[in-house]
Structures are given as structure tokens and as C-alpha cells.
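I have placed the structure first, in the form of C-alpha cells, so that the comments after it can refer back to it.
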Amino acid sequence: MKSVTAYANTNIAFIKYWGKLQGEKNLARNLPAVGSLSMTLDDIGTTTTVEENDRDAFMLNGETLSGEPADKVFRFIDRVCSEVSAKRAPVRVISTNSVPTAAGLASSASAFCALALAATRAFGAELSPAALSGLARQGSASAARSVFGGFAELPASVGGEEVLAAQVLDENGWDVRLVVAKTTTKEKAVHSRQGMQHTAATSTYYPAWIADWRRDFDTGRKALLARDLTTLGEAMEHSTLAMHATTLAARPPFAYWNGATIDCMHAVWALRQSGTQAYFTADAGPHVKVLCAPADVEKVRAALTAVPGVLATLTHKPGTGARLL
Ligand code: DP6
């Protein structure tokens, strides 16, 4: 077995994946119930090495982890081996994450994508990007999109069929920026997997979400291909707010937002009122990500920085797809 290192950037969904096909078989394959559309970010992601060891071990950012986070990685290695028909040998997995883990900045997207690439190669297999995305999806559905640079889509699985991510535009296809406003340093209380399953099981609004997501997806996809920031931005905000509404109507309810999250949304709406094209999204955490043209980055950063509770802002361009190091 070879020692292989891979890198994947994280990605942020414009049109949100939120919900899985239910049933034991479908859940085991982690099939999304809705389609999603994302931008891969530059210079924020995960570097992972997979190599042979005398027993399974997982190190993240220099610390050896045990329990569920490590077991999730080892189960994924089992899956890789069965997918590529390799003999399962014990491995050491060493990951370094430049994405804050589990704080709603999509750390599982880059983590499972880099792991899928490093592990398949370490076990001697070479998958096409599409097939790699199918494998990464089984670790975390958002990870399927990180295989590709630029902008990617992951379709919904309607009848339990396999779904693979695909590139919509490459990293040079549209020059936009995503400004991330960090509003906490804490780990999130409800992980996305737990949150989407809880809303699917209990939220009054989940059926409406499932009935309506395709409108934003189709509009967003067309607008992305047309490089139409206004139309894409409006579809993105609707997809974001509809997703978060499912959490508010769950029993018991929960919210990923803090006060600064909401103040950032108002700041973005105020920017638009004064003529700046800026649109927000938020994931399973309280950070706010704002899509805008490169020329408007400074205005957007200034508006977000002025919001009490915003700790820092970071600006990202469309980034490249996963690669071997
Ligand atoms: C809100 O991909 O983390 O970021 O498939 O259960 O691992 P699992 O979920 P995950 O969910 C991401 C949810 C989201 C929206 C998105 O990235 O599309």
C-alpha cells in the first residue's frame, strides 16, 4: 500500500442540500433528497495522508482522535475498500484542516473529499472525478461537490438512484467573491446531519421545502450559467432562508443563527437598498457568506465588519478541484 496525500478545498452551497432519502438502504448510501449548487472556495480546505499502519489511527490537526469522529473515518475506509475491491488493511489517516471544524464552514466537505481521493489512491485505485464524487458523497454529501473546481451541482436522488456531482463552470468561469463573516469561534451544537434528519422527522415546513427546492435550483443553475448575480443571489437567499425555516418549525425547534447572523443579513439588505449587489447564505452554523462582484468586496467587508459580533471577514475566489499532492 502506498502513502498518498491529497488536498481538497471546501465549498459553499448557493442552493442548499438539506435532507436525505429515507430508508435504511438509502441512508447507508447518503442520497440527497434535494439538488444543490455550490462554489468551491480557494485556499481553504483539508490535506489528508492515508498510509499503512499496524492499526487504524486518525490524527486531525496534530491530535489523535478516538470515538465517533475517528470511527466515521474508519467506516469510510471500509467503504472505499469495498468500492474498489481492495483488501482492507489498517491505516493511519493524518488530516490538517484550514477550515474551522464543525462551525458551519463546511469542514466535512473538504475532509471527505480529500479522504476519498487519498484513500482510493493509497489502495491502488484510480476513479474518474464523477465516480470519486459518488464515493465522497457517501461520507458527506457536500463532499461530492468539492471534487470539482469552480461551481458544481449535485442532483437529487429521486427513486434511490445513484447521484454524482458535476462541474457547472470551472474556476475561471465566473469571477465572483464570497466574503465570509465569522460570528463565533465555538463548535456548532447541532451538526448538519443531525439537523437535517431532525427537521425531516419533525418540521412542519420540511414537506414544503421538499416540494419547492427545485424552483431555486433551476433558477440558480440558469443564472449561474448566465453569470447573472442578481437572479442567482435571490435564489440563493430564498434557498437559504427556506432551509433555515425548517429548523424553526421543528419540534423541538433549533436555530443555527446568533444575533450577529441576523444583523449581517440586514446589513446585506441595506447594501442592496443602496445599490450594491450583495447576497447572503448561511449553513449549519452562524457564519454569513456574502456573494458579490470583485469590485464590491471592500464595501461588503466594511458593512459586515461594522456589525457587532462579527469577529473577522475572509474573502474567497472560486477555487480549484481536489488534487494529489
Ligand atoms: C447546510 O454534507 O455536512 O451545508 O451528508 O450528512 O454529511 P451529510 O451533510 P453535510 O450537509 C451540508 C448542509 C449544508 C448545505 C450544503 O452544503 O449544501
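Residues in the C-alpha cells are numbered from 1 in each chain, the chains being A, B, ... in the order shown, and ligands are numbered from 1 in the order shown.
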**OP:** Quick one: pick out all alpha helix (DSSP H) residues within range 148-202 of chain A from a backbone DSSP run and write them as a count of residues only.
**Re:** 11
**OP:** Excluding Ser133 in chain A and residues on its chain fewer than 3 positions from it, collect all residues at most 6 Å away from it, counting only C-alpha atoms, and give them as a PyMOL selection string.
**Re:** chain A and resi 130+136-137+144+164-165
**OP:** Please identify every polymer residue within 9 Å of ligand 1, using only C-alpha atoms and all ligand atoms, and present the set as JSON, numbers by chain.
**Re:** {"A": [11, 12, 13, 14, 15, 16, 17, 18, 19, 20, 30, 31, 32, 35, 36, 37, 38, 102, 104, 105, 106, 107, 108, 109, 112, 137, 138, 139, 140, 141, 142, 143, 144, 145, 154, 191, 192, 193, 194, 195, 196, 197, 240, 243, 244, 282, 283, 284, 285]}
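Taking CA of Ala322 in chain A as the reference point, CA of Ser82 in chain A is found at 22.0 Å.
Take the candidates A:Leu314, A:Met1, A:Ala255, A:Ala226 and check each one against Ala189 in chain A using only C-alpha atoms; the shortest distance goes to A:Ala255.
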Original post:
Do you have the CA of Pro90 in chain A-CA of Asp71 in chain A distance handy?
Top reply: 12.7 Å
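Summary of the local environment: counting only C-alpha atoms, residues at most 7 Å from range 290-300 of chain A, other than itself and those fewer than 5 positions away along its chain, are A:Val176, A:Arg177, A:Leu178, A:Val179, A:Val180, A:Gln277, A:Ala278, A:Tyr279, A:Phe280, A:Thr281.
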Subject >> Option closest in space to Pro207 in chain A, from A:Ala245, A:Cys81, A:Val4, A:Leu65 [counting only C-alpha atoms] >> reply: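 Using only C-alpha atoms, the shortest distance to Pro207 in chain A belongs to A:Ala245.
Residue nearest Phe151 in chain A, chosen from A:Ile94, A:Val163, A:Leu304, A:Leu224 and counting only C-alpha atoms: A:Leu224.
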How close does range 41-68 of chain A get to range 118-128 of chain A? List, as CSV, each residue of range 41-68 of chain A within 8 Å, its nearest atom pair and the distance in Å to one decimal, counting only C-alpha atoms.
```
residue,atom,partner,partner_atom,distance
A:Thr48,CA,A:Ala118,CA,6.7
A:Thr49,CA,A:Ala118,CA,6.3
A:Val50,CA,A:Ala119,CA,5.8
A:Glu51,CA,A:Ala122,CA,6.7
```
Prev. selection, C-alpha atoms, output as an mmCIF file, in the first residue's frame:
```cif
data_model
loop_
_atom_site.group_PDB
_atom_site.id
_atom_site.type_symbol
_atom_site.label_atom_id
_atom_site.label_comp_id
_atom_site.auth_asym_id
_atom_site.auth_seq_id
_atom_site.Cartn_x
_atom_site.Cartn_y
_atom_site.Cartn_z
ATOM 1 C CA THR A 48 -5.066 14.253 4.131
ATOM 2 C CA THR A 49 -2.486 11.472 4.042
ATOM 3 C CA VAL A 50 -3.518 7.808 4.061
ATOM 4 C CA GLU A 51 -0.838 5.208 4.734
#
```
**OP:** For CA of Ala114 in chain A and CA of Pro69 in chain A, determine how far apart the two atoms are, in Å to one decimal place.
**Re:** 15.7 Å
**OP:** Compare A:Ser274, A:Ser239, A:Ser66, A:Thr231 by their minimum atom-to-atom distance to Asp212 in chain A, counting only C-alpha atoms, and give me the closest one.
**Re:**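 Nearest candidate to Asp212 in chain A out of A:Ser274, A:Ser239, A:Ser66, A:Thr231: A:Ser239.
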Original post:
Any idea what's packed within 10 Å of Ala201 in chain A, counting only C-alpha atoms, ignoring anything in its chain fewer than 6 positions away? Could you give it as a VMD selection string?
Top reply: chain A and resid 22 195 250 to 251
Could the residues in this selection be saved with C-alpha atoms as a compact mmCIF listing (two decimals), in the first residue's frame?
```txt
# COMPACT_ATOMS: atom_id res chain seq x y z
CA GLN A 22 -35.07 7.98 3.97
CA GLY A 195 -30.14 18.86 12.00
CA ALA A 250 -39.01 21.61 14.00
CA ARG A 251 -40.06 20.05 17.34
```
